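The data block below is my_file.pdb; it holds PDB, C-alpha atoms, pLDDT in the B column.
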ATOM      1  CA  MET A  26      16.741 -25.896 -38.349  1.00 97.00           C
ATOM      2  CA  LYS A  27      18.819 -25.748 -35.173  1.00 98.00           C
ATOM      3  CA  ILE A  28      18.334 -22.957 -32.669  1.00 98.00           C
ATOM      4  CA  ALA A  29      20.293 -22.245 -29.489  1.00 98.00           C
ATOM      5  CA  ILE A  30      18.266 -20.565 -26.761  1.00 98.00           C
ATOM      6  CA  GLY A  31      19.254 -19.115 -23.426  1.00 98.00           C
ATOM      7  CA  CYS A  32      18.221 -16.748 -20.672  1.00 98.00           C
ATOM      8  CA  ASP A  33      18.941 -15.524 -17.213  1.00 98.00           C
ATOM      9  CA  HIS A  34      16.484 -15.592 -14.323  1.00 97.00           C
ATOM     10  CA  GLY A  35      14.772 -12.450 -15.646  1.00 97.00           C
ATOM     11  CA  GLY A  36      13.922 -14.134 -18.930  1.00 98.00           C
ATOM     12  CA  PHE A  37      13.221 -17.661 -17.748  1.00 98.00           C
ATOM     13  CA  ALA A  38       9.437 -17.673 -18.239  1.00 98.00           C
ATOM     14  CA  LEU A  39       9.551 -16.243 -21.777  1.00 98.00           C
ATOM     15  CA  LYS A  40      12.484 -18.451 -22.782  1.00 98.00           C
ATOM     16  CA  THR A  41      10.616 -21.546 -21.622  1.00 98.00           C
ATOM     17  CA  LYS A  42       7.539 -20.596 -23.658  1.00 98.00           C
ATOM     18  CA  LEU A  43       9.620 -19.800 -26.755  1.00 98.00           C
ATOM     19  CA  ALA A  44      11.576 -23.063 -26.472  1.00 98.00           C
ATOM     20  CA  ASP A  45       8.327 -25.050 -26.255  1.00 98.00           C
ATOM     21  CA  TYR A  46       6.906 -23.075 -29.178  1.00 98.00           C
ATOM     22  CA  LEU A  47       9.928 -23.912 -31.335  1.00 98.00           C
ATOM     23  CA  LYS A  48       9.961 -27.582 -30.339  1.00 98.00           C
ATOM     24  CA  ASN A  49       6.267 -27.876 -31.211  1.00 98.00           C
ATOM     25  CA  LYS A  50       7.145 -26.576 -34.678  1.00 97.00           C
ATOM     26  CA  GLY A  51       9.728 -29.347 -35.097  1.00 97.00           C
ATOM     27  CA  VAL A  52      12.779 -27.149 -34.548  1.00 98.00           C
ATOM     28  CA  GLU A  53      15.823 -28.724 -32.901  1.00 98.00           C
ATOM     29  CA  VAL A  54      16.374 -26.578 -29.796  1.00 98.00           C
ATOM     30  CA  PHE A  55      19.613 -26.439 -27.815  1.00 98.00           C
ATOM     31  CA  ASP A  56      18.713 -25.015 -24.412  1.00 98.00           C
ATOM     32  CA  GLU A  57      21.785 -23.360 -22.921  1.00 97.00           C
ATOM     33  CA  GLY A  58      20.027 -22.447 -19.655  1.00 93.00           C
ATOM     34  CA  THR A  59      19.324 -21.133 -17.170  1.00 97.00           C
ATOM     35  CA  ASP A  60      16.882 -23.671 -15.805  1.00 95.00           C
ATOM     36  CA  SER A  61      15.334 -21.788 -12.889  1.00 95.00           C
ATOM     37  CA  LEU A  62      14.384 -18.420 -11.459  1.00 93.00           C
ATOM     38  CA  ASP A  63      17.497 -18.412  -9.248  1.00 95.00           C
ATOM     39  CA  SER A  64      19.622 -15.318  -9.752  1.00 95.00           C
ATOM     40  CA  CYS A  65      22.431 -15.866 -12.256  1.00 95.00           C
ATOM     41  CA  ASP A  66      24.781 -13.983 -14.570  1.00 97.00           C
ATOM     42  CA  TYR A  67      23.366 -13.377 -18.058  1.00 97.00           C
ATOM     43  CA  PRO A  68      26.763 -13.079 -19.833  1.00 98.00           C
ATOM     44  CA  VAL A  69      27.364 -16.805 -19.316  1.00 98.00           C
ATOM     45  CA  PHE A  70      24.248 -17.769 -21.247  1.00 98.00           C
ATOM     46  CA  ALA A  71      24.587 -15.088 -23.916  1.00 98.00           C
ATOM     47  CA  LYS A  72      28.108 -16.232 -24.714  1.00 98.00           C
ATOM     48  CA  ARG A  73      27.052 -19.892 -24.901  1.00 98.00           C
ATOM     49  CA  VAL A  74      24.254 -19.177 -27.369  1.00 98.00           C
ATOM     50  CA  ALA A  75      26.217 -16.711 -29.502  1.00 98.00           C
ATOM     51  CA  SER A  76      29.185 -19.078 -29.663  1.00 98.00           C
ATOM     52  CA  ARG A  77      27.006 -21.956 -30.894  1.00 98.00           C
ATOM     53  CA  VAL A  78      25.636 -19.739 -33.652  1.00 98.00           C
ATOM     54  CA  ALA A  79      28.956 -18.141 -34.593  1.00 98.00           C
ATOM     55  CA  GLY A  80      30.595 -21.562 -34.640  1.00 98.00           C
ATOM     56  CA  GLY A  81      28.001 -22.942 -37.035  1.00 98.00           C
ATOM     57  CA  GLU A  82      26.514 -25.479 -34.621  1.00 98.00           C
ATOM     58  CA  CYS A  83      23.170 -23.681 -34.741  1.00 98.00           C
ATOM     59  CA  ASP A  84      21.474 -21.632 -37.425  1.00 98.00           C
ATOM     60  CA  PHE A  85      20.134 -18.980 -35.072  1.00 98.00           C
ATOM     61  CA  GLY A  86      20.117 -17.973 -31.433  1.00 98.00           C
ATOM     62  CA  VAL A  87      17.429 -16.661 -29.099  1.00 98.00           C
ATOM     63  CA  LEU A  88      18.281 -14.869 -25.851  1.00 98.00           C
ATOM     64  CA  VAL A  89      15.977 -13.508 -23.158  1.00 98.00           C
ATOM     65  CA  CYS A  90      16.653 -11.396 -20.091  1.00 98.00           C
ATOM     66  CA  THR A  91      14.648  -8.699 -18.367  1.00 97.00           C
ATOM     67  CA  SER A  92      15.329  -6.007 -20.985  1.00 98.00           C
ATOM     68  CA  GLY A  93      17.170  -7.854 -23.775  1.00 97.00           C
ATOM     69  CA  VAL A  94      19.880  -5.205 -23.697  1.00 98.00           C
ATOM     70  CA  GLY A  95      22.570  -7.050 -21.760  1.00 97.00           C
ATOM     71  CA  MET A  96      22.113 -10.216 -23.791  1.00 98.00           C
ATOM     72  CA  ALA A  97      22.502  -8.278 -27.049  1.00 98.00           C
ATOM     73  CA  ILE A  98      25.627  -6.514 -25.813  1.00 98.00           C
ATOM     74  CA  VAL A  99      27.319  -9.775 -24.825  1.00 98.00           C
ATOM     75  CA  ALA A 100      26.235 -11.679 -27.938  1.00 98.00           C
ATOM     76  CA  ASN A 101      27.618  -8.919 -30.170  1.00 97.00           C
ATOM     77  CA  LYS A 102      31.034  -9.349 -28.548  1.00 97.00           C
ATOM     78  CA  VAL A 103      31.273 -12.876 -30.009  1.00 97.00           C
ATOM     79  CA  LYS A 104      32.937 -12.804 -33.437  1.00 95.00           C
ATOM     80  CA  ASP A 105      30.466 -13.645 -36.224  1.00 95.00           C
ATOM     81  CA  ALA A 106      27.442 -13.248 -33.965  1.00 97.00           C
ATOM     82  CA  ARG A 107      25.128 -10.380 -34.862  1.00 97.00           C
ATOM     83  CA  ALA A 108      22.407  -9.780 -32.294  1.00 98.00           C
ATOM     84  CA  VAL A 109      19.365  -7.536 -32.242  1.00 98.00           C
ATOM     85  CA  ASN A 110      17.185  -6.614 -29.295  1.00 98.00           C
ATOM     86  CA  ALA A 111      13.804  -6.782 -31.040  1.00 98.00           C
ATOM     87  CA  HIS A 112      10.576  -5.221 -29.820  1.00 97.00           C
ATOM     88  CA  ASN A 113       8.441  -5.419 -32.953  1.00 98.00           C
ATOM     89  CA  ALA A 114       8.039  -7.033 -36.360  1.00 98.00           C
ATOM     90  CA  TYR A 115       9.854  -4.254 -38.202  1.00 98.00           C
ATOM     91  CA  GLU A 116      13.006  -4.598 -36.101  1.00 98.00           C
ATOM     92  CA  ALA A 117      12.936  -8.388 -36.480  1.00 98.00           C
ATOM     93  CA  GLU A 118      12.565  -8.160 -40.251  1.00 98.00           C
ATOM     94  CA  MET A 119      15.088  -5.416 -40.916  1.00 98.00           C
ATOM     95  CA  SER A 120      17.699  -6.970 -38.633  1.00 98.00           C
ATOM     96  CA  ARG A 121      17.683  -9.955 -40.989  1.00 98.00           C
ATOM     97  CA  ARG A 122      17.230  -8.124 -44.312  1.00 97.00           C
ATOM     98  CA  HIS A 123      19.859  -5.445 -43.803  1.00 97.00           C
ATOM     99  CA  ASN A 124      22.116  -6.654 -40.978  1.00 97.00           C
ATOM    100  CA  ASN A 125      22.065 -10.448 -41.405  1.00 97.00           C
ATOM    101  CA  CYS A 126      21.506 -10.840 -37.661  1.00 98.00           C
ATOM    102  CA  ASN A 127      21.684 -14.410 -36.417  1.00 98.00           C
ATOM    103  CA  VAL A 128      20.711 -13.886 -32.764  1.00 98.00           C
ATOM    104  CA  ILE A 129      17.476 -12.294 -31.594  1.00 98.00           C
ATOM    105  CA  CYS A 130      17.125 -10.982 -28.046  1.00 98.00           C
ATOM    106  CA  PHE A 131      14.002 -10.185 -26.094  1.00 98.00           C
ATOM    107  CA  GLY A 132      13.238  -8.469 -22.824  1.00 98.00           C
ATOM    108  CA  GLU A 133      10.662 -10.377 -20.817  1.00 98.00           C
ATOM    109  CA  LYS A 134       9.439  -7.072 -19.364  1.00 97.00           C
ATOM    110  CA  GLN A 135       9.430  -5.458 -22.807  1.00 97.00           C
ATOM    111  CA  VAL A 136       7.502  -7.921 -24.987  1.00 98.00           C
ATOM    112  CA  ASP A 137       4.831 -10.518 -24.309  1.00 98.00           C
ATOM    113  CA  PHE A 138       4.889 -14.059 -25.686  1.00 98.00           C
ATOM    114  CA  GLU A 139       2.619 -13.214 -28.627  1.00 98.00           C
ATOM    115  CA  THR A 140       4.881 -10.367 -29.738  1.00 98.00           C
ATOM    116  CA  ALA A 141       8.070 -12.364 -29.172  1.00 98.00           C
ATOM    117  CA  SER A 142       6.815 -15.434 -31.048  1.00 98.00           C
ATOM    118  CA  ALA A 143       5.601 -13.272 -33.957  1.00 98.00           C
ATOM    119  CA  CYS A 144       8.959 -11.492 -34.109  1.00 98.00           C
ATOM    120  CA  LEU A 145      10.754 -14.814 -33.908  1.00 98.00           C
ATOM    121  CA  GLU A 146       8.760 -16.191 -36.869  1.00 98.00           C
ATOM    122  CA  ILE A 147       9.633 -13.157 -38.955  1.00 98.00           C
ATOM    123  CA  PHE A 148      13.276 -13.311 -37.901  1.00 98.00           C
ATOM    124  CA  LEU A 149      13.640 -16.997 -38.775  1.00 98.00           C
ATOM    125  CA  ASN A 150      11.881 -16.687 -42.129  1.00 98.00           C
ATOM    126  CA  THR A 151      13.356 -13.452 -43.467  1.00 98.00           C
ATOM    127  CA  PRO A 152      16.377 -13.783 -45.745  1.00 97.00           C
ATOM    128  CA  PHE A 153      19.362 -11.444 -45.814  1.00 96.00           C
ATOM    129  CA  ASP A 154      19.035  -9.085 -48.792  1.00 93.00           C
ATOM    130  CA  GLY A 155      22.762  -9.129 -49.507  1.00 91.00           C
ATOM    131  CA  GLY A 156      23.834  -6.648 -52.169  1.00 90.00           C
ATOM    132  CA  ARG A 157      24.883  -3.294 -50.760  1.00 91.00           C
ATOM    133  CA  HIS A 158      24.198  -4.602 -47.258  1.00 93.00           C
ATOM    134  CA  THR A 159      26.928  -7.258 -47.527  1.00 92.00           C
ATOM    135  CA  LYS A 160      29.646  -4.600 -47.567  1.00 91.00           C
ATOM    136  CA  ARG A 161      28.155  -2.980 -44.493  1.00 91.00           C
ATOM    137  CA  VAL A 162      27.850  -6.223 -42.582  1.00 91.00           C
ATOM    138  CA  CYS A 163      31.504  -6.965 -43.368  1.00 89.00           C
ATOM    139  CA  MET A 164      32.376  -3.592 -41.866  1.00 87.00           C
ATOM    140  CA  PHE A 165      30.994  -4.774 -38.508  1.00 84.00           C
ATOM    141  CA  GLU A 166      34.063  -6.960 -38.058  1.00 77.00           C
ATOM    142  CA  GLU A 167      36.566  -4.221 -38.901  1.00 75.00           C
TER     143      GLU A 167
END

This structure in C-alpha cells:
Amino acid sequence: MKIAIGCDHGGFALKTKLADYLKNKGVEVFDEGTDSLDSCDYPVFAKRVASRVAGGECDFGVLVCTSGVGMAIVANKVKDARAVNAHNAYEAEMSRRHNNCNVICFGEKQVDFETASACLEIFLNTPFDGGRHTKRVCMFEE
C-alpha cells in the first residue's frame, strides 16, 4: 500500500507520528511536507497529497492541520479526491463504506494520536460498499 501524507505547521506533530506509525507497519509513505513548525500555507500540501491519490500514484492520502477543515476543503477541490475530516471511528468507517473517500484529514487540536491512528486503521481497511452508493459517489463529480 502507498500512502501520501502531508500537513501544515499546525499538524506537524501528529503527521510525524502517523507517518512513523505507517512506516512501522510496512506501508510505503510519501511525505509531501511540511517538515517543520514554521508557518506555511496548508493548501500547498493538501493539493500535493490529493493529487497523488487522484492520479493513482498512491492508494490513500492523510492530511493534518490544526482543525482538519481546511485540508478537507482543498483536497475535495481536486478531481477524483474525496476527503473526510474524521473525528471518530464511525466517520472513518462510513466515509469509506458509503462515500468511497480516499483521503482522511485530521485536526491536531481535535484528535489525539490514539484516536487518529485508530481511525486511520479503520479507514484503510474498510471497503467501499458500492451498490446504491456508487450512483451517489458519481454524483459528486457532476

TODO: Would you work out the distance separating CA of Leu47 (chain A) from CA of Phe153 (chain A), expressed in Å to one decimal?
DONE: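 Taking CA of Leu47 (chain A) as the start and CA of Phe153 (chain A) as the end point, the length is 21.3 Å.
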
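The shortest atom-to-atom distance to Gly36 (chain A), with all atoms listed in the file taken into account, belongs to A:Cys90 out of A:Val69, A:Met96, A:Cys90, A:Val52.
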
Task: Residues matched by the PyMOL selection byres ((chain A and resi 106-122) around 8), written as number ranges by chain - done: A: 75-76, 78-79, 93-94, 97-98, 100-105, 123-132, 135-136, 140-141, 143-145, 147-148, 151-155

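Point (15.8, -23.6, -22.8) has the following residues at most 10 Å away: Ala29, Ile30, Gly31, Cys32, Phe37, Ala38, Leu39, Lys40, Thr41, Lys42, Leu43, Ala44, Asp45, Val54, Phe55, Asp56, Glu57, Gly58, Thr59, Asp60, Val87 and Leu88 of chain A (atoms considered: all atoms listed in the file).
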
Please save C-alpha atoms of the selected residues as a PDB file, in the frame of the given file.
ATOM      1  CA  ALA A  29      20.293 -22.245 -29.489  1.00 98.00           C
ATOM      2  CA  ILE A  30      18.266 -20.565 -26.761  1.00 98.00           C
ATOM      3  CA  GLY A  31      19.254 -19.115 -23.426  1.00 98.00           C
ATOM      4  CA  CYS A  32      18.221 -16.748 -20.672  1.00 98.00           C
ATOM      5  CA  PHE A  37      13.221 -17.661 -17.748  1.00 98.00           C
ATOM      6  CA  ALA A  38       9.437 -17.673 -18.239  1.00 98.00           C
ATOM      7  CA  LEU A  39       9.551 -16.243 -21.777  1.00 98.00           C
ATOM      8  CA  LYS A  40      12.484 -18.451 -22.782  1.00 98.00           C
ATOM      9  CA  THR A  41      10.616 -21.546 -21.622  1.00 98.00           C
ATOM     10  CA  LYS A  42       7.539 -20.596 -23.658  1.00 98.00           C
ATOM     11  CA  LEU A  43       9.620 -19.800 -26.755  1.00 98.00           C
ATOM     12  CA  ALA A  44      11.576 -23.063 -26.472  1.00 98.00           C
ATOM     13  CA  ASP A  45       8.327 -25.050 -26.255  1.00 98.00           C
ATOM     14  CA  VAL A  54      16.374 -26.578 -29.796  1.00 98.00           C
ATOM     15  CA  PHE A  55      19.613 -26.439 -27.815  1.00 98.00           C
ATOM     16  CA  ASP A  56      18.713 -25.015 -24.412  1.00 98.00           C
ATOM     17  CA  GLU A  57      21.785 -23.360 -22.921  1.00 97.00           C
ATOM     18  CA  GLY A  58      20.027 -22.447 -19.655  1.00 93.00           C
ATOM     19  CA  THR A  59      19.324 -21.133 -17.170  1.00 97.00           C
ATOM     20  CA  ASP A  60      16.882 -23.671 -15.805  1.00 95.00           C
ATOM     21  CA  VAL A  87      17.429 -16.661 -29.099  1.00 98.00           C
ATOM     22  CA  LEU A  88      18.281 -14.869 -25.851  1.00 98.00           C
TER      23      LEU A  88
END

- [ ] Output the residue selection produced by the PyMOL selection byres ((chain A and resi 63) around 10) on the file above, formatted as a PyMOL selection string.
- [x] chain A and resi 33-35+37+59-62+64-65

Open item on the list: Would you compute the distance between CA of Asp84 (chain A) and CA of Arg157 (chain A)? Give it in Å to one decimal.
Closed with: 22.9 Å

Can I get region 104-120 of chain A with N, CA and C atoms filled in, as a PDB file, in the frame of the given file?
ATOM      1  N   LYS A 104      32.647 -12.951 -32.009  1.00 95.00           N
ATOM      2  CA  LYS A 104      32.937 -12.804 -33.437  1.00 95.00           C
ATOM      3  C   LYS A 104      31.970 -13.644 -34.265  1.00 95.00           C
ATOM      4  N   ASP A 105      31.415 -13.037 -35.282  1.00 95.00           N
ATOM      5  CA  ASP A 105      30.466 -13.645 -36.224  1.00 95.00           C
ATOM      6  C   ASP A 105      29.050 -13.797 -35.672  1.00 95.00           C
ATOM      7  N   ALA A 106      28.818 -13.315 -34.480  1.00 97.00           N
ATOM      8  CA  ALA A 106      27.442 -13.248 -33.965  1.00 97.00           C
ATOM      9  C   ALA A 106      26.961 -11.815 -34.170  1.00 97.00           C
ATOM     10  N   ARG A 107      25.735 -11.690 -34.647  1.00 97.00           N
ATOM     11  CA  ARG A 107      25.128 -10.380 -34.862  1.00 97.00           C
ATOM     12  C   ARG A 107      23.753 -10.410 -34.212  1.00 97.00           C
ATOM     13  N   ALA A 108      23.630  -9.705 -33.100  1.00 98.00           N
ATOM     14  CA  ALA A 108      22.407  -9.780 -32.294  1.00 98.00           C
ATOM     15  C   ALA A 108      21.605  -8.485 -32.374  1.00 98.00           C
ATOM     16  N   VAL A 109      20.288  -8.656 -32.305  1.00 98.00           N
ATOM     17  CA  VAL A 109      19.365  -7.536 -32.242  1.00 98.00           C
ATOM     18  C   VAL A 109      18.470  -7.712 -31.020  1.00 98.00           C
ATOM     19  N   ASN A 110      18.169  -6.612 -30.372  1.00 98.00           N
ATOM     20  CA  ASN A 110      17.185  -6.614 -29.295  1.00 98.00           C
ATOM     21  C   ASN A 110      15.885  -6.154 -29.943  1.00 98.00           C
ATOM     22  N   ALA A 111      15.002  -7.085 -30.264  1.00 98.00           N
ATOM     23  CA  ALA A 111      13.804  -6.782 -31.040  1.00 98.00           C
ATOM     24  C   ALA A 111      12.580  -6.564 -30.158  1.00 98.00           C
ATOM     25  N   HIS A 112      11.810  -5.553 -30.537  1.00 97.00           N
ATOM     26  CA  HIS A 112      10.576  -5.221 -29.820  1.00 97.00           C
ATOM     27  C   HIS A 112       9.345  -5.316 -30.707  1.00 97.00           C
ATOM     28  N   ASN A 113       9.564  -5.406 -32.017  1.00 98.00           N
ATOM     29  CA  ASN A 113       8.441  -5.419 -32.953  1.00 98.00           C
ATOM     30  C   ASN A 113       8.829  -6.106 -34.256  1.00 98.00           C
ATOM     31  N   ALA A 114       7.841  -6.315 -35.095  1.00 98.00           N
ATOM     32  CA  ALA A 114       8.039  -7.033 -36.360  1.00 98.00           C
ATOM     33  C   ALA A 114       9.022  -6.325 -37.282  1.00 98.00           C
ATOM     34  N   TYR A 115       8.955  -5.009 -37.325  1.00 98.00           N
ATOM     35  CA  TYR A 115       9.854  -4.254 -38.202  1.00 98.00           C
ATOM     36  C   TYR A 115      11.319  -4.472 -37.826  1.00 98.00           C
ATOM     37  N   GLU A 116      11.624  -4.378 -36.541  1.00 98.00           N
ATOM     38  CA  GLU A 116      13.006  -4.598 -36.101  1.00 98.00           C
ATOM     39  C   GLU A 116      13.459  -6.017 -36.401  1.00 98.00           C
ATOM     40  N   ALA A 117      12.584  -6.991 -36.193  1.00 98.00           N
ATOM     41  CA  ALA A 117      12.936  -8.388 -36.480  1.00 98.00           C
ATOM     42  C   ALA A 117      13.228  -8.571 -37.965  1.00 98.00           C
ATOM     43  N   GLU A 118      12.378  -8.015 -38.805  1.00 98.00           N
ATOM     44  CA  GLU A 118      12.565  -8.160 -40.251  1.00 98.00           C
ATOM     45  C   GLU A 118      13.817  -7.444 -40.749  1.00 98.00           C
ATOM     46  N   MET A 119      13.970  -6.198 -40.387  1.00 98.00           N
ATOM     47  CA  MET A 119      15.088  -5.416 -40.916  1.00 98.00           C
ATOM     48  C   MET A 119      16.435  -5.886 -40.374  1.00 98.00           C
ATOM     49  N   SER A 120      16.443  -6.443 -39.173  1.00 98.00           N
ATOM     50  CA  SER A 120      17.699  -6.970 -38.633  1.00 98.00           C
ATOM     51  C   SER A 120      18.207  -8.134 -39.474  1.00 98.00           C
TER      52      SER A 120
END
